[in-house]
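File shown: my_file-v1.txt (compact mmCIF, C-alpha atoms (C1' of nucleotides)).
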```
# COMPACT_ATOMS: atom_id res chain seq x y z
CA MET A 1 16.93 28.19 4.07
CA ASP A 2 15.41 26.15 1.30
CA SER A 3 12.52 28.32 0.24
CA ASP A 4 10.79 25.25 -1.16
CA ASN A 5 10.56 23.51 2.16
CA ASP A 6 10.89 25.95 5.00
CA ASP A 7 7.64 25.41 6.86
CA LYS A 8 8.43 24.03 10.28
CA LEU A 9 11.55 22.14 9.36
CA CYS A 10 12.48 20.89 12.79
CA PHE A 11 15.94 19.95 13.98
CA GLY A 12 17.25 19.32 10.49
CA TYR A 13 14.80 16.48 9.94
CA ASP A 14 12.27 16.63 7.12
CA ALA A 15 9.41 14.14 7.02
CA PHE A 16 8.85 14.90 3.34
CA ARG A 17 12.11 13.15 2.49
CA ARG A 18 11.74 9.44 2.06
CA THR A 19 15.11 8.65 3.59
CA CYS A 20 14.75 10.94 6.60
CA PRO A 21 14.32 9.09 9.91
CA SER A 22 11.38 11.32 10.74
CA HIS A 23 9.60 9.91 7.69
CA ALA A 24 9.84 6.46 9.27
CA VAL A 25 8.57 7.82 12.57
CA LEU A 26 5.59 9.38 10.84
CA GLU A 27 4.93 6.09 9.11
CA MET A 28 4.98 4.27 12.44
CA LEU A 29 2.44 6.72 13.85
CA ALA A 30 0.18 6.39 10.81
CA SER A 31 -1.65 3.38 12.18
CA LYS A 32 -5.15 3.06 13.48
CA TRP A 33 -4.13 0.70 16.25
CA VAL A 34 -1.21 2.83 17.39
CA TYR A 35 -3.65 5.72 17.77
CA LEU A 36 -6.13 3.75 19.75
CA VAL A 37 -3.69 1.89 21.98
CA VAL A 38 -1.93 5.11 22.95
CA CYS A 39 -5.26 6.84 23.59
CA ALA A 40 -6.47 3.92 25.68
CA LEU A 41 -3.35 3.95 27.84
CA ARG A 42 -3.59 7.66 28.40
CA ARG A 43 -5.51 7.43 31.62
CA GLY A 44 -3.31 4.81 33.18
CA ARG A 45 -1.78 1.39 32.97
CA LEU A 46 -3.80 -1.47 31.54
CA ARG A 47 -3.41 -5.21 31.14
CA ASN A 48 -3.48 -7.00 27.81
CA GLY A 49 -7.00 -8.29 28.36
CA GLU A 50 -8.27 -4.89 29.42
CA LEU A 51 -6.88 -3.35 26.25
CA ALA A 52 -8.38 -6.11 24.14
CA ARG A 53 -11.83 -5.44 25.60
CA ARG A 54 -11.52 -1.71 25.13
CA LEU A 55 -10.28 -1.81 21.53
CA GLU A 56 -13.26 -3.39 19.89
CA GLY A 57 -12.30 -5.50 16.92
CA ILE A 58 -8.57 -5.81 17.54
CA THR A 59 -7.18 -9.31 17.25
CA PRO A 60 -4.73 -10.64 19.85
CA LYS A 61 -2.06 -10.68 17.22
CA MET A 62 -2.46 -7.04 16.22
CA LEU A 63 -2.63 -5.97 19.83
CA THR A 64 0.61 -7.72 20.69
CA GLN A 65 2.27 -6.49 17.51
CA THR A 66 1.26 -2.91 18.22
CA LEU A 67 2.40 -3.06 21.82
CA ARG A 68 5.77 -4.49 20.76
CA ILE A 69 6.30 -1.66 18.30
CA LEU A 70 5.36 0.95 20.89
CA GLU A 71 7.63 -0.69 23.45
CA ARG A 72 10.53 -0.87 21.01
CA ASP A 73 10.16 2.82 20.19
CA GLY A 74 10.04 3.86 23.81
CA LEU A 75 6.42 4.98 23.95
CA VAL A 76 5.15 2.18 26.18
CA ARG A 77 6.66 0.45 29.19
CA ARG A 78 5.90 -3.21 29.82
CA GLU A 79 5.93 -4.63 33.30
CA ILE A 80 5.77 -8.33 33.99
CA PHE A 81 4.68 -9.69 37.37
CA PRO A 82 6.06 -13.17 37.98
CA VAL A 83 2.82 -14.63 39.26
CA ILE A 84 0.48 -17.39 38.25
CA PRO A 85 -1.61 -16.78 36.23
CA PRO A 86 0.67 -14.33 34.42
CA ARG A 87 0.10 -10.62 34.90
CA VAL A 88 1.53 -8.04 32.48
CA GLU A 89 0.79 -4.34 32.57
CA TYR A 90 1.40 -1.63 29.99
CA GLU A 91 1.76 2.06 30.58
CA LEU A 92 2.89 5.08 28.61
CA THR A 93 6.39 6.39 29.10
CA GLU A 94 6.92 10.13 29.34
CA LEU A 95 7.51 10.21 25.60
CA GLY A 96 4.28 8.29 25.11
CA GLN A 97 2.35 10.67 27.36
CA ASN A 98 3.69 13.52 25.31
CA LEU A 99 2.42 11.95 22.11
CA ALA A 100 -0.88 10.88 23.63
CA GLY A 101 -1.97 14.49 23.91
CA LEU A 102 -1.70 14.94 20.17
CA LEU A 103 -3.25 11.62 19.26
CA THR A 104 -6.17 12.28 21.57
CA GLN A 105 -6.74 15.53 19.69
CA ILE A 106 -6.84 13.63 16.43
CA ARG A 107 -9.29 11.17 17.92
CA ALA A 108 -11.44 14.02 19.19
CA TRP A 109 -11.30 15.61 15.74
CA SER A 110 -12.51 12.38 14.18
CA GLU A 111 -15.45 12.30 16.53
CA GLU A 112 -16.27 15.97 16.17
CA HIS A 113 -16.24 16.08 12.39
CA VAL A 114 -18.16 12.95 11.54
CA PRO A 115 -21.15 15.01 10.37
CA ASP A 116 -19.00 17.19 8.11
CA ILE A 117 -17.41 14.20 6.46
CA LYS A 118 -20.69 12.37 6.14
CA GLU A 119 -22.10 15.40 4.37
CA ALA A 120 -19.08 15.71 2.08
CA ARG A 121 -19.35 12.06 1.12
CA ALA A 122 -23.04 12.36 0.44
CA ARG A 123 -22.39 15.33 -1.82
CA ALA A 124 -19.59 13.50 -3.61
CA ALA A 125 -21.87 10.53 -4.18
CA ALA A 126 -24.60 12.83 -5.49
CA ASP A 127 -22.14 14.47 -7.90
CA GLN A 128 -21.15 11.03 -9.10
CA ASP A 129 -24.77 10.20 -9.83
CA GLY A 130 -25.12 13.48 -11.63
CA ASP A 131 -22.18 12.62 -13.84
CA LEU A 132 -23.61 9.22 -14.61
CA GLN A 133 -26.95 10.74 -15.59
CA ALA A 134 -25.23 13.37 -17.70
CA GLN A 135 -23.43 10.62 -19.57
CA ALA A 136 -26.65 8.73 -20.33
CA MET B 1 -22.40 7.68 31.33
CA ASP B 2 -20.41 4.55 30.62
CA SER B 3 -17.70 4.70 33.25
CA ASP B 4 -15.57 2.36 31.16
CA ASN B 5 -15.26 4.81 28.29
CA ASP B 6 -15.90 8.31 29.46
CA ASP B 7 -12.66 10.05 28.46
CA LYS B 8 -13.45 12.65 25.88
CA LEU B 9 -16.42 10.95 24.33
CA CYS B 10 -17.36 13.60 21.81
CA PHE B 11 -20.79 14.16 20.34
CA GLY B 12 -21.92 10.63 21.05
CA TYR B 13 -19.29 9.15 18.77
CA ASP B 14 -16.66 6.77 20.09
CA ALA B 15 -13.66 5.88 17.93
CA PHE B 16 -12.99 2.81 20.08
CA ARG B 17 -16.10 1.18 18.66
CA ARG B 18 -15.49 -0.61 15.39
CA THR B 19 -18.87 0.30 13.95
CA CYS B 20 -18.76 3.96 14.93
CA PRO B 21 -18.36 6.34 11.97
CA SER B 22 -15.60 8.13 13.84
CA HIS B 23 -13.62 4.89 13.77
CA ALA B 24 -13.70 5.01 9.97
CA VAL B 25 -12.64 8.65 10.00
CA LEU B 26 -9.69 7.81 12.23
CA GLU B 27 -8.78 5.00 9.88
CA MET B 28 -8.85 7.37 6.92
CA LEU B 29 -6.51 9.75 8.72
CA ALA B 30 -4.11 6.97 9.70
CA SER B 31 -2.14 7.16 6.48
CA LYS B 32 1.33 8.46 5.81
CA TRP B 33 0.33 10.04 2.52
CA VAL B 34 -2.76 11.72 3.94
CA TYR B 35 -0.52 13.33 6.56
CA LEU B 36 1.99 14.55 4.05
CA VAL B 37 -0.43 15.75 1.39
CA VAL B 38 -2.42 17.77 3.90
CA CYS B 39 0.75 19.23 5.38
CA ALA B 40 2.03 20.12 1.91
CA LEU B 41 -1.17 21.91 0.98
CA ARG B 42 -1.19 23.86 4.19
CA ARG B 43 0.58 26.88 2.81
CA GLY B 44 -1.51 27.17 -0.32
CA ARG B 45 -2.80 25.56 -3.45
CA LEU B 46 -0.55 23.25 -5.44
CA ARG B 47 -0.71 21.40 -8.72
CA ASN B 48 -0.38 17.65 -9.06
CA GLY B 49 3.19 17.89 -10.34
CA GLU B 50 4.21 20.26 -7.56
CA LEU B 51 2.86 17.86 -4.97
CA ALA B 52 4.63 14.95 -6.63
CA ARG B 53 7.94 16.76 -6.46
CA ARG B 54 7.43 17.76 -2.85
CA LEU B 55 6.37 14.33 -1.60
CA GLU B 56 9.50 12.41 -2.30
CA GLY B 57 8.82 8.79 -3.16
CA ILE B 58 5.08 9.03 -3.80
CA THR B 59 3.91 7.32 -6.96
CA PRO B 60 1.40 9.05 -9.26
CA LYS B 61 -1.13 6.41 -8.33
CA MET B 62 -0.86 6.96 -4.60
CA LEU B 63 -0.93 10.71 -5.03
CA THR B 64 -4.10 10.62 -7.09
CA GLN B 65 -5.68 8.06 -4.78
CA THR B 66 -4.93 10.14 -1.71
CA LEU B 67 -6.21 13.32 -3.32
CA ARG B 68 -9.44 11.59 -4.34
CA ILE B 69 -10.03 10.39 -0.81
CA LEU B 70 -9.37 13.85 0.60
CA GLU B 71 -11.64 15.42 -1.99
CA ARG B 72 -14.42 12.93 -1.33
CA ASP B 73 -14.24 13.61 2.41
CA GLY B 74 -14.34 17.36 1.93
CA LEU B 75 -10.80 18.15 3.06
CA VAL B 76 -9.48 19.17 -0.33
CA ARG B 77 -11.00 21.18 -3.16
CA ARG B 78 -10.05 20.40 -6.75
CA GLU B 79 -10.13 23.02 -9.44
CA ILE B 80 -9.76 22.17 -13.11
CA PHE B 81 -8.71 24.74 -15.69
CA PRO B 82 -9.90 23.74 -19.16
CA VAL B 83 -6.65 24.49 -20.92
CA ILE B 84 -4.12 22.57 -22.91
CA PRO B 85 -1.96 21.19 -21.42
CA PRO B 86 -4.29 20.46 -18.51
CA ARG B 87 -4.00 22.45 -15.31
CA VAL B 88 -5.49 21.19 -12.05
CA GLU B 89 -5.00 22.78 -8.66
CA TYR B 90 -5.65 21.44 -5.18
CA GLU B 91 -6.27 23.40 -2.02
CA LEU B 92 -7.48 22.68 1.47
CA THR B 93 -11.07 23.42 2.37
CA GLU B 94 -11.84 25.04 5.68
CA LEU B 95 -12.28 21.61 7.19
CA GLY B 96 -8.92 20.62 5.74
CA GLN B 97 -7.23 23.72 7.12
CA ASN B 98 -8.67 22.86 10.49
CA LEU B 99 -7.16 19.38 10.36
CA ALA B 100 -3.87 20.56 8.91
CA GLY B 101 -2.99 22.27 12.16
CA LEU B 102 -3.15 18.96 14.03
CA LEU B 103 -1.37 16.95 11.37
CA THR B 104 1.42 19.49 11.20
CA GLN B 105 1.87 19.04 14.93
CA ILE B 106 2.20 15.31 14.44
CA ARG B 107 4.73 15.89 11.71
CA ALA B 108 6.66 18.27 13.94
CA TRP B 109 6.56 15.70 16.72
CA SER B 110 8.03 13.09 14.40
CA GLU B 111 10.88 15.40 13.54
CA GLU B 112 11.48 16.52 17.10
CA HIS B 113 11.59 13.09 18.65
CA VAL B 114 13.75 11.22 16.17
CA PRO B 115 16.64 11.11 18.65
CA ASP B 116 14.45 9.75 21.45
CA ILE B 117 13.12 6.99 19.27
CA LYS B 118 16.53 6.17 17.85
CA GLU B 119 17.79 5.80 21.39
CA ALA B 120 14.85 3.63 22.44
CA ARG B 121 15.41 1.34 19.47
CA ALA B 122 19.11 1.06 20.18
CA ARG B 123 18.34 0.12 23.77
CA ALA B 124 15.74 -2.42 22.65
CA ALA B 125 18.25 -3.96 20.25
CA ALA B 126 20.86 -4.09 23.01
CA ASP B 127 18.41 -5.81 25.34
CA GLN B 128 17.71 -8.34 22.62
CA ASP B 129 21.41 -9.08 22.32
CA GLY B 130 21.62 -9.37 26.08
CA ASP B 131 18.89 -11.99 26.04
CA LEU B 132 20.64 -13.94 23.32
CA GLN B 133 23.91 -13.93 25.25
CA ALA B 134 22.12 -14.93 28.43
CA GLN B 135 20.66 -17.91 26.62
CA ALA B 136 24.08 -19.05 25.36
C1' DG C 1 7.72 13.39 -37.53
C1' DT C 2 9.30 13.09 -33.01
C1' DT C 3 9.45 14.45 -28.52
C1' DA C 4 7.83 16.74 -24.39
C1' DT C 5 4.30 18.37 -20.97
C1' DC C 6 0.53 17.48 -17.90
C1' DA C 7 -2.65 15.02 -15.28
C1' DC C 8 -4.11 11.51 -15.08
C1' DT C 9 -6.02 5.97 -15.90
C1' DA C 10 -5.27 1.07 -16.13
C1' DT C 11 -2.88 -2.98 -15.17
C1' DC C 12 0.04 -6.18 -12.97
C1' DC C 13 2.73 -7.97 -9.19
C1' DA C 14 5.06 -8.37 -4.70
C1' DT C 15 4.66 -7.25 -0.15
C1' DG C 16 2.66 -7.22 4.06
C1' DA C 17 -1.33 -6.39 6.94
C1' DG C 18 -4.33 -8.92 9.26
C1' DG C 19 -7.14 -13.33 10.56
C1' DT C 20 -7.37 -18.09 12.46
C1' DG C 21 -6.08 -21.80 15.02
C1' DC C 22 -3.01 -24.36 17.96
C1' DC C 23 0.58 -24.39 21.43
C1' DT C 24 2.93 -23.16 26.16
C1' DA C 25 2.89 -22.71 31.51
C1' DT C 26 0.60 -23.22 36.25
C1' DA C 27 -2.62 -22.50 40.06
C1' DT C 28 -7.29 -22.59 41.23
C1' DA C 29 -11.86 -24.22 40.96
C1' DT C 30 -15.11 -28.19 40.01
C1' DA D 1 -9.37 -35.65 35.92
C1' DT D 2 -10.96 -31.64 33.63
C1' DA D 3 -11.77 -26.94 32.85
C1' DT D 4 -10.57 -22.00 33.27
C1' DA D 5 -7.94 -17.85 33.36
C1' DT D 6 -3.87 -15.43 31.63
C1' DA D 7 -0.51 -13.64 28.22
C1' DG D 8 1.31 -14.71 25.01
C1' DG D 9 4.31 -17.46 20.74
C1' DC D 10 4.18 -19.54 16.22
C1' DA D 11 2.71 -21.22 11.73
C1' DC D 12 -0.23 -20.71 8.00
C1' DC D 13 -3.35 -18.45 4.86
C1' DT D 14 -5.88 -14.75 2.43
C1' DC D 15 -6.74 -10.57 0.63
C1' DA D 16 -5.93 -5.65 0.27
C1' DT D 17 -2.83 -2.34 -0.97
C1' DG D 18 1.41 -0.09 -2.20
C1' DG D 19 4.36 0.42 -5.84
C1' DA D 20 6.06 0.01 -10.57
C1' DT D 21 5.12 0.47 -15.31
C1' DA D 22 2.79 1.65 -19.41
C1' DG D 23 -0.80 4.05 -21.87
C1' DT D 24 -4.02 8.29 -23.11
C1' DG D 25 -5.18 12.73 -25.27
C1' DA D 26 -4.21 17.16 -26.97
C1' DT D 27 -1.00 20.56 -28.06
C1' DA D 28 3.29 22.88 -28.81
C1' DA D 29 8.10 22.98 -29.58
C1' DC D 30 12.03 21.27 -32.35
```

Let me see the file written as structure tokens.
Amino acid sequence: MDSDNDDKLCFGYDAFRRTCPSHAVLEMLASKWVYLVVCALRRGRLRNGELARRLEGITPKMLTQTLRILERDGLVRREIFPVIPPRVEYELTELGQNLAGLLTQIRAWSEEHVPDIKEARARAAADQDGDLQAQA
Amino acid sequence: MDSDNDDKLCFGYDAFRRTCPSHAVLEMLASKWVYLVVCALRRGRLRNGELARRLEGITPKMLTQTLRILERDGLVRREIFPVIPPRVEYELTELGQNLAGLLTQIRAWSEEHVPDIKEARARAAADQDGDLQAQA
DNA sequence: GTTATCACTATCCATGAGGTGCCTATATAT
DNA sequence: ATATATAGGCACCTCATGGATAGTGATAAC
């Protein structure tokens, strides 16, 4: 029991350690597009184009890149239909579903607390101005 | 009611929209160091040096930068003691505490699911090799 | 006088995130 | 014959950012 690091140390992994695999996992999750893709797939399978329309502002490259990462890490399953024109569908795996619950909570938090953060930023900006005036 | 986007649309904000303030909030949260700093502060106030020692691999610059962002957005409170040598302490605000619960869950998830992701990556790598051999 | 602590700030540089455009295949529609 | 839809791959380029390093100021210890 390392008293310096005993809060929720799970399964011997410790995300605070740079070399710990869980650190790399956390890093993979720390991406805007990973959040949004996983959230978007939560309700069911979607095609590339459907995702692109839903995730406003994502470029085809970033979408593909993100999906490849999620597929590689076992969060998303990719199914190709050998038809013309091509049809490819993406859906969450069980592991992905599991994560989606958490990420959706983060997304909900972001939406809920916009006013709080707006207010905090306004106050910070005001304090800045105050400092500037105090200097003059 | 936009039937294309009705899952958990909170308070009129929609993180899927690039111009929505909640999108920016999500982007702010999507950072490895934000995760770890908030998690580290969860149990109580810490000084800069204590944080630096706990967050293995963080540079002074990134630590300060992250703390400034969190302070600006009202998640962290900064208290300066006018002594020599300087003493500065950081602690979560109520808003920060609120978020810390979620982020700690994400961190726990990362630690829990390392084996799953390792396995998925190994399988993906094996599939890759399979493709290469099939080509030859 | 030299070194150390502490919490930074400033600066530079390499990496990589992300954007843009062009390319593939084929069936259908015009 | 040409255009469109579809899901990409691939090469190139830019700019932001992460990271490394050095400096700052005041004091106290050696």

Item to complete: Do a neighbour search on DC10 in chain D at 12 Å with all atoms listed in the file, toss out local chain neighbours closer than 4 positions, and write the hits as a ChimeraX atom specification.
Response: /A:61 /C:21-24

Worksheet item: What lies within 12 Å of DT11 in chain C using only C-alpha atoms (C1' of nucleotides), ignoring chain neighbours under 5 positions off, as a PyMOL selection string?
Response: (chain B and resi 61) or (chain D and resi 20-23)

Closest pair table for chain A residues within 8 Å of chain D, all atoms listed in the file, as a tab-separated table:
```
residue	atom	partner	partner_atom	distance
A:Asn48	CA	D:DA7	C1'	7.3
A:Pro85	CA	D:DT6	C1'	5.3
A:Pro86	CA	D:DT6	C1'	5.4
A:Arg87	CA	D:DT6	C1'	7.0
A:Val88	CA	D:DA7	C1'	7.3
```

Worksheet item: Residues of chain B within 7 Å of chain A, using all atoms listed in the file, as a PyMOL selection string?
Response: chain B and resi 10-11+13-18+21-22+25-27+30-32+36+54-57+72-74+102+106-108+110-112+114+117+120-121+124

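CA of Pro60 in chain B is positioned 19.5 Å from CA of Leu92 in chain B.
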
Worksheet item: Separation of CA of Thr64 in chain B and CA of Met62 in chain A, in Å?
Response: 29.3 Å

Once you count all atoms listed in the file, which residues of chain C turn out to be within 8 Å of chain A? Could you give them as a CSV table (one decimal) with C-alpha atoms (C1' of nucleotides), in the frame of the given file?
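What landed in selection.csv:
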```csv
chain,number,residue,atom,x,y,z
C,18,DG,C1',-4.3,-8.9,9.3
C,19,DG,C1',-7.1,-13.3,10.6
C,26,DT,C1',0.6,-23.2,36.2
C,27,DA,C1',-2.6,-22.5,40.1
```

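The space between CA of Tyr90 in chain A and CA of Gln65 in chain A spans 13.4 Å.
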